>>> print(open('final_34.cif').read())   # mmCIF, C-alpha atoms
data_input
loop_
_atom_site.group_PDB
_atom_site.id
_atom_site.type_symbol
_atom_site.label_atom_id
_atom_site.label_comp_id
_atom_site.auth_asym_id
_atom_site.auth_seq_id
_atom_site.Cartn_x
_atom_site.Cartn_y
_atom_site.Cartn_z
ATOM 1 C CA MET A 1 102.773 114.135 90.109
ATOM 2 C CA ASP A 2 104.697 112.036 92.612
ATOM 3 C CA VAL A 3 103.089 109.426 94.850
ATOM 4 C CA VAL A 4 103.118 111.525 98.033
ATOM 5 C CA GLU A 5 101.504 114.464 96.241
ATOM 6 C CA ALA A 6 98.901 112.163 94.675
ATOM 7 C CA ILE A 7 97.942 110.715 98.062
ATOM 8 C CA ARG A 8 97.763 114.133 99.714
ATOM 9 C CA THR A 9 95.762 115.820 96.956
ATOM 10 C CA ARG A 10 93.337 113.090 95.859
ATOM 11 C CA ARG A 11 89.815 113.933 96.971
ATOM 12 C CA THR A 12 86.341 112.530 96.492
ATOM 13 C CA HIS A 13 84.518 114.371 93.704
ATOM 14 C CA LYS A 14 80.766 114.309 93.417
ATOM 15 C CA SER A 15 80.466 116.684 90.475
ATOM 16 C CA PHE A 16 81.493 115.364 87.063
ATOM 17 C CA GLY A 17 81.526 116.494 83.475
ATOM 18 C CA THR A 18 79.461 114.543 80.965
ATOM 19 C CA GLU A 19 82.173 112.864 78.881
ATOM 20 C CA PRO A 20 82.703 109.175 79.702
ATOM 21 C CA VAL A 21 86.231 107.998 80.381
ATOM 22 C CA PRO A 22 87.597 106.473 77.145
ATOM 23 C CA ARG A 23 87.803 102.680 77.155
ATOM 24 C CA ASP A 24 91.598 102.631 76.762
ATOM 25 C CA THR A 25 91.942 104.944 79.775
ATOM 26 C CA VAL A 26 89.607 102.719 81.815
ATOM 27 C CA GLU A 27 91.754 99.718 80.896
ATOM 28 C CA GLU A 28 94.908 101.647 81.843
ATOM 29 C CA LEU A 29 93.438 102.570 85.234
ATOM 30 C CA PHE A 30 92.234 99.084 86.074
ATOM 31 C CA ASP A 31 95.544 97.599 85.008
ATOM 32 C CA LEU A 32 96.881 99.347 88.125
ATOM 33 C CA ALA A 33 94.809 96.949 90.262
ATOM 34 C CA ARG A 34 97.295 94.183 89.405
ATOM 35 C CA TYR A 35 99.899 95.974 91.513
ATOM 36 C CA ALA A 36 97.876 96.147 94.727
ATOM 37 C CA PRO A 37 99.375 94.208 97.655
ATOM 38 C CA ASN A 38 97.870 90.747 97.478
ATOM 39 C CA HIS A 39 98.841 87.761 99.630
ATOM 40 C CA HIS A 40 99.259 84.605 97.527
ATOM 41 C CA LEU A 41 98.552 86.657 94.364
ATOM 42 C CA THR A 42 94.937 85.522 94.294
ATOM 43 C CA GLN A 43 93.954 88.721 92.450
ATOM 44 C CA PRO A 44 90.416 88.530 93.817
ATOM 45 C CA TRP A 45 89.227 91.894 92.457
ATOM 46 C CA ARG A 46 86.531 92.019 89.856
ATOM 47 C CA PHE A 47 85.426 95.199 88.111
ATOM 48 C CA ARG A 48 82.338 95.643 85.947
ATOM 49 C CA VAL A 49 82.073 98.785 83.832
ATOM 50 C CA LEU A 50 78.402 99.602 83.470
ATOM 51 C CA GLY A 51 77.115 100.237 79.971
ATOM 52 C CA PRO A 52 73.761 101.917 79.300
ATOM 53 C CA ALA A 53 71.638 98.755 79.659
ATOM 54 C CA ALA A 54 73.356 97.669 82.906
ATOM 55 C CA LEU A 55 72.980 101.184 84.307
ATOM 56 C CA GLU A 56 69.263 101.199 83.497
ATOM 57 C CA ARG A 57 68.836 97.809 85.211
ATOM 58 C CA LEU A 58 70.666 99.099 88.290
ATOM 59 C CA LYS A 59 68.618 102.301 88.365
ATOM 60 C CA ALA A 60 65.406 100.268 88.144
ATOM 61 C CA ALA A 61 66.594 98.104 91.052
ATOM 62 C CA ALA A 62 67.544 101.219 93.049
ATOM 63 C CA GLY A 63 64.128 102.809 92.667
ATOM 64 C CA PRO A 64 63.146 106.403 91.943
ATOM 65 C CA ALA A 65 64.603 107.902 95.127
ATOM 66 C CA ASP A 66 68.132 106.502 94.652
ATOM 67 C CA ALA A 67 68.388 106.178 90.863
ATOM 68 C CA PRO A 68 69.473 109.830 90.318
ATOM 69 C CA LYS A 69 72.581 109.229 92.453
ATOM 70 C CA LEU A 70 73.678 106.700 89.823
ATOM 71 C CA GLU A 71 73.756 109.473 87.228
ATOM 72 C CA ARG A 72 76.471 111.587 88.916
ATOM 73 C CA ALA A 73 79.372 110.337 86.819
ATOM 74 C CA PRO A 74 79.608 109.315 83.166
ATOM 75 C CA THR A 75 81.582 106.137 83.956
ATOM 76 C CA LEU A 76 80.512 103.721 86.697
ATOM 77 C CA VAL A 77 82.367 100.592 87.754
ATOM 78 C CA VAL A 78 81.211 97.979 90.266
ATOM 79 C CA ALA A 79 84.079 96.727 92.445
ATOM 80 C CA SER A 80 83.857 93.315 94.075
ATOM 81 C CA ALA A 81 86.091 90.617 95.513
ATOM 82 C CA ARG A 82 85.769 86.942 94.625
ATOM 83 C CA LEU A 83 85.772 84.942 97.853
ATOM 84 C CA ARG A 84 86.633 81.273 98.286
ATOM 85 C CA GLY A 85 85.218 80.432 101.701
ATOM 86 C CA ASP A 86 88.492 80.425 103.639
ATOM 87 C CA GLU A 87 88.045 82.974 106.446
ATOM 88 C CA LEU A 88 91.631 84.250 106.533
ATOM 89 C CA GLN A 89 92.150 84.318 102.763
ATOM 90 C CA ASP A 90 88.774 86.005 102.226
ATOM 91 C CA ALA A 91 89.677 88.746 104.713
ATOM 92 C CA GLU A 92 93.011 89.280 102.973
ATOM 93 C CA ASP A 93 91.296 89.313 99.577
ATOM 94 C CA LEU A 94 88.813 91.965 100.707
ATOM 95 C CA HIS A 95 91.683 94.157 101.886
ATOM 96 C CA ALA A 96 93.605 93.564 98.663
ATOM 97 C CA THR A 97 90.566 94.570 96.628
ATOM 98 C CA ALA A 98 90.191 97.764 98.649
ATOM 99 C CA ALA A 99 93.859 98.515 97.937
ATOM 100 C CA ALA A 100 93.210 97.857 94.233
ATOM 101 C CA VAL A 101 90.299 100.317 94.239
ATOM 102 C CA TYR A 102 92.519 102.922 95.878
ATOM 103 C CA ALA A 103 95.211 102.331 93.239
ATOM 104 C CA VAL A 104 92.596 103.001 90.551
ATOM 105 C CA LEU A 105 91.453 106.198 92.305
ATOM 106 C CA LEU A 106 95.045 107.428 92.629
ATOM 107 C CA GLY A 107 95.669 106.622 88.972
ATOM 108 C CA ALA A 108 92.542 108.515 87.947
ATOM 109 C CA HIS A 109 93.674 111.495 90.004
ATOM 110 C CA GLY A 110 97.084 111.334 88.380
ATOM 111 C CA LEU A 111 95.399 111.547 84.964
ATOM 112 C CA GLY A 112 93.340 114.556 86.044
ATOM 113 C CA LEU A 113 90.091 112.608 86.423
ATOM 114 C CA ALA A 114 87.636 112.837 89.290
ATOM 115 C CA GLY A 115 86.747 109.770 91.324
ATOM 116 C CA TYR A 116 84.163 108.845 93.931
ATOM 117 C CA TRP A 117 83.964 105.479 95.737
ATOM 118 C CA ARG A 118 80.658 104.774 97.413
ATOM 119 C CA SER A 119 78.627 101.825 98.628
ATOM 120 C CA PRO A 120 75.058 102.250 97.384
ATOM 121 C CA ALA A 121 72.464 100.121 99.141
ATOM 122 C CA VAL A 122 71.162 98.769 95.837
ATOM 123 C CA LEU A 123 74.342 96.705 95.392
ATOM 124 C CA ARG A 124 73.525 94.881 98.623
ATOM 125 C CA THR A 125 70.149 93.734 97.306
ATOM 126 C CA ALA A 126 69.384 90.660 95.214
ATOM 127 C CA GLU A 127 67.887 92.890 92.488
ATOM 128 C CA GLY A 128 70.930 95.157 92.372
ATOM 129 C CA ARG A 129 73.367 92.239 92.299
ATOM 130 C CA LYS A 130 71.398 90.633 89.474
ATOM 131 C CA ALA A 131 71.320 93.921 87.546
ATOM 132 C CA VAL A 132 75.133 93.973 87.351
ATOM 133 C CA GLY A 133 75.758 90.215 87.148
ATOM 134 C CA LEU A 134 77.311 89.653 90.572
ATOM 135 C CA PRO A 135 77.573 85.954 91.446
ATOM 136 C CA ASP A 136 77.075 84.682 94.993
ATOM 137 C CA ASP A 137 80.811 84.185 95.578
ATOM 138 C CA GLU A 138 81.614 87.896 95.177
ATOM 139 C CA HIS A 139 81.477 90.526 97.911
ATOM 140 C CA VAL A 140 80.667 94.061 96.741
ATOM 141 C CA LEU A 141 83.112 96.762 97.802
ATOM 142 C CA GLY A 142 81.217 99.532 96.089
ATOM 143 C CA LEU A 143 80.672 101.613 93.034
ATOM 144 C CA ILE A 144 83.465 103.704 91.539
ATOM 145 C CA HIS A 145 82.361 106.891 89.795
ATOM 146 C CA LEU A 146 84.869 108.237 87.264
ATOM 147 C CA GLY A 147 84.912 111.155 84.866
ATOM 148 C CA PRO A 148 86.212 114.627 84.222
ATOM 149 C CA ALA A 149 86.067 116.838 87.282
ATOM 150 C CA ARG A 150 83.613 119.706 87.382
ATOM 151 C CA GLY A 151 84.742 122.190 89.991
ATOM 152 C CA GLU A 152 86.827 121.475 93.048
ATOM 153 C CA PRO A 153 85.645 119.246 95.906
ATOM 154 C CA PRO A 154 85.450 120.847 99.343
ATOM 155 C CA GLN A 155 88.547 120.391 101.466
ATOM 156 C CA ARG A 156 87.905 118.595 104.725
ATOM 157 C CA GLU A 157 90.248 118.707 107.676
ATOM 158 C CA ARG A 158 91.979 115.425 108.468
ATOM 159 C CA GLU A 159 92.857 114.200 111.946
ATOM 160 C CA PRO A 160 96.523 114.665 112.870
ATOM 161 C CA VAL A 161 98.730 111.581 112.810
ATOM 162 C CA SER A 162 99.022 111.694 116.612
ATOM 163 C CA THR A 163 95.337 110.653 116.910
ATOM 164 C CA TYR A 164 95.892 107.269 115.275
ATOM 165 C CA LEU A 165 99.613 106.449 115.441
ATOM 166 C CA THR A 166 101.161 104.917 118.548
ATOM 167 C CA PHE A 167 104.784 103.912 119.025
ATOM 168 C CA LEU A 168 105.147 100.884 121.293
ATOM 169 C CA ASP A 169 108.246 99.899 123.299
#
>>> encode(input="final_34.cif", output="structure tokens")
Amino acid sequence: MDVVEAIRTRRTHKSFGTEPVPRDTVEELFDLARYAPNHHLTQPWRFRVLGPAALERLKAAAGPADAPKLERAPTLVVASARLRGDELQDAEDLHATAAAVYAVLLGAHGLGLAGYWRSPAVLRTAEGRKAVGLPDDEHVLGLIHLGPARGEPPQREREPVSTYLTFLD
């Protein structure tokens, strides 16, 4: 699959098979983060793959209404950016981390895996942050769900390029 095809065909999946992504595949995917555009090569991204105990702690912090949403995929990874307190660098590092997450999602798609990037409320709470070991100097970008795809995600129409691209003189 070439890059253009990968970008055009990658979709958010919310229905996964039960097999977790093998550890070596997870490492291969997250190695792609190193190649995200990153000013000053600060490599601010941090990823935490949740094992059974961490997942149970996060589900307990989420509560009974939201805990089932954490069971959608067999492999869950918390994505965060380490910030240093410099306003400009922190903004650039957040963007770089988002690009790193997208690189991982494209890589997963290229390997035939399903991916879903979401921002559950529990990761913005003290209990949720503690459950996954997030220090105060990290900003959460979300939770990445990974696993084998079950079914096809619905296709949603995208806005045409003319709605967001302007050529200036």
>>> atom_distance(input="final_34.cif", atom1="CA of Gly151 (chain A)", atom2="CA of Arg118 (chain A)")
19.4 Å
>>> atom_distance(input="final_34.cif", atom1="CA of Pro68 (chain A)", atom2="CA of Ser80 (chain A)")
22.2 Å
>>> resolve_selection(input="final_34.cif", expression="the PyMOL selection byres ((chain A and resi 105) around 10)", output="list in words")
Ala6, Ile7, Arg10, Arg11, Thr12, Leu29, Phe30, Leu32, Ala99, Ala100, Val101, Tyr102, Ala103, Val104, Leu106, Gly107, Ala108, His109, Gly110, Leu111, Leu113, Ala114, Gly115, Tyr116, Trp117, Ile144, His145 and Leu146 of chain A
>>> residues_around(input="final_34.cif", residues="Gln89 (chain A)", least_positions_apart="3", cutoff="12 Å", atoms="only C-alpha atoms", output="tab-separated table (two decimals) with C-alpha atoms, keeping the file's coordinate frame")
chain	number	residue	atom	x	y	z
A	38	ASN	CA	97.87	90.75	97.48
A	39	HIS	CA	98.84	87.76	99.63
A	40	HIS	CA	99.26	84.60	97.53
A	41	LEU	CA	98.55	86.66	94.36
A	42	THR	CA	94.94	85.52	94.29
A	43	GLN	CA	93.95	88.72	92.45
A	44	PRO	CA	90.42	88.53	93.82
A	81	ALA	CA	86.09	90.62	95.51
A	82	ARG	CA	85.77	86.94	94.62
A	83	LEU	CA	85.77	84.94	97.85
A	84	ARG	CA	86.63	81.27	98.29
A	85	GLY	CA	85.22	80.43	101.70
A	86	ASP	CA	88.49	80.42	103.64
A	92	GLU	CA	93.01	89.28	102.97
A	93	ASP	CA	91.30	89.31	99.58
A	94	LEU	CA	88.81	91.96	100.71
A	95	HIS	CA	91.68	94.16	101.89
A	96	ALA	CA	93.60	93.56	98.66
>>> axis_aligned_box(input="final_34.cif", around="region 14-18 of chain A", padding_each_side="6 Å", output="AutoDock Vina command-line options")
--center_x 80.5 --center_y 115.5 --center_z 87.2 --size_x 14.1 --size_y 14.4 --size_z 24.5
>>> residues_around(input="final_34.cif", residues="Arg129 (chain A)", least_positions_apart="6", cutoff="9 Å", atoms="all atoms listed in the file", output="ChimeraX atom specification")
/A:58,122-123,135-136,140
>>> resolve_selection(input="final_34.cif", expression="the PyMOL selection byres ((chain A and resi 61) around 10)", output="ChimeraX atom specification")
/A:55-60,62-64,66-67,122-123,125-131
>>> closest_residue(input="final_34.cif", among="A:Val78, A:Ala149, A:Ala98, A:Leu134", to="Glu19 (chain A)", atoms="all atoms listed in the file")
A:Ala149
>>> resolve_selection(input="final_34.cif", expression="the PyMOL selection byres ((chain A and resi 157-169) around 12)", output="NGL selection string")
:A and (8 or 11 or 154-156)
>>> write_last_selection(input="final_34.cif", atoms="C-alpha atoms", output="mmCIF file, keeping the file's coordinate frame")
data_model
loop_
_atom_site.group_PDB
_atom_site.id
_atom_site.type_symbol
_atom_site.label_atom_id
_atom_site.label_comp_id
_atom_site.auth_asym_id
_atom_site.auth_seq_id
_atom_site.Cartn_x
_atom_site.Cartn_y
_atom_site.Cartn_z
ATOM 1 C CA ARG A 8 97.763 114.133 99.714
ATOM 2 C CA ARG A 11 89.815 113.933 96.971
ATOM 3 C CA PRO A 154 85.450 120.847 99.343
ATOM 4 C CA GLN A 155 88.547 120.391 101.466
ATOM 5 C CA ARG A 156 87.905 118.595 104.725
#
>>> decode(input="final_34.cif", residues="region 18-86 of chain A", atoms="C-alpha atoms", output="short mmCIF file (atom, residue, chain, number, x, y, z; two decimals), in the first residue's frame")
data_model
loop_
_atom_site.label_atom_id
_atom_site.label_comp_id
_atom_site.auth_asym_id
_atom_site.auth_seq_id
_atom_site.Cartn_x
_atom_site.Cartn_y
_atom_site.Cartn_z
CA THR A 18 -10.29 -10.28 20.39
CA GLU A 19 -6.62 -11.02 19.66
CA PRO A 20 -4.21 -8.46 21.13
CA VAL A 21 -1.59 -6.97 18.84
CA PRO A 22 1.66 -8.91 19.36
CA ARG A 23 4.31 -7.03 21.33
CA ASP A 24 6.80 -7.00 18.44
CA THR A 25 4.15 -5.48 16.17
CA VAL A 26 3.33 -2.84 18.80
CA GLU A 27 7.03 -1.98 19.00
CA GLU A 28 7.22 -1.81 15.19
CA LEU A 29 4.23 0.55 15.05
CA PHE A 30 5.47 2.87 17.77
CA ASP A 31 8.92 2.98 16.23
CA LEU A 32 7.19 4.95 13.46
CA ALA A 33 6.60 7.79 15.96
CA ARG A 34 10.32 8.62 15.74
CA TYR A 35 9.77 9.82 12.18
CA ALA A 36 7.02 12.34 12.94
CA PRO A 37 7.93 15.96 12.16
CA ASN A 38 9.41 17.36 15.34
CA HIS A 39 11.04 20.77 15.76
CA HIS A 40 14.33 20.53 17.69
CA LEU A 41 13.92 16.71 17.83
CA THR A 42 12.53 16.87 21.35
CA GLN A 43 10.61 13.62 20.76
CA PRO A 44 8.01 14.57 23.36
CA TRP A 45 5.65 11.64 22.72
CA ARG A 46 5.08 9.08 25.39
CA PHE A 47 3.06 5.91 24.88
CA ARG A 48 1.86 3.53 27.59
CA VAL A 49 0.53 0.13 26.52
CA LEU A 50 -2.06 -0.92 29.05
CA GLY A 51 -1.73 -4.38 30.53
CA PRO A 52 -4.57 -6.09 32.40
CA ALA A 53 -3.90 -4.43 35.78
CA ALA A 54 -3.56 -0.93 34.28
CA LEU A 55 -6.75 -1.46 32.27
CA GLU A 56 -8.64 -2.52 35.40
CA ARG A 57 -7.39 0.59 37.25
CA LEU A 58 -8.50 2.80 34.35
CA LYS A 59 -11.90 1.11 34.16
CA ALA A 60 -12.38 1.62 37.90
CA ALA A 61 -11.50 5.31 37.50
CA ALA A 62 -13.88 5.61 34.53
CA GLY A 63 -16.83 4.19 36.43
CA PRO A 64 -19.50 1.71 35.36
CA ALA A 65 -21.02 3.88 32.62
CA ASP A 66 -17.76 4.47 30.72
CA ALA A 67 -15.72 1.37 31.58
CA PRO A 68 -17.27 -0.79 28.79
CA LYS A 69 -15.93 1.65 26.17
CA LEU A 70 -12.43 0.70 27.33
CA GLU A 71 -13.09 -2.90 26.31
CA ARG A 72 -13.61 -2.22 22.57
CA ALA A 73 -10.11 -3.16 21.46
CA PRO A 74 -7.68 -5.81 22.70
CA THR A 75 -4.72 -3.39 22.74
CA LEU A 76 -4.96 0.07 24.31
CA VAL A 77 -2.22 2.68 24.36
CA VAL A 78 -2.27 6.03 26.16
CA ALA A 79 -0.67 8.80 24.09
CA SER A 80 0.76 11.86 25.80
CA ALA A 81 3.27 14.63 25.22
CA ARG A 82 5.92 15.62 27.75
CA LEU A 83 5.84 19.40 28.12
CA ARG A 84 8.61 21.65 29.40
CA GLY A 85 6.82 24.89 30.21
CA ASP A 86 7.95 26.88 27.16
#
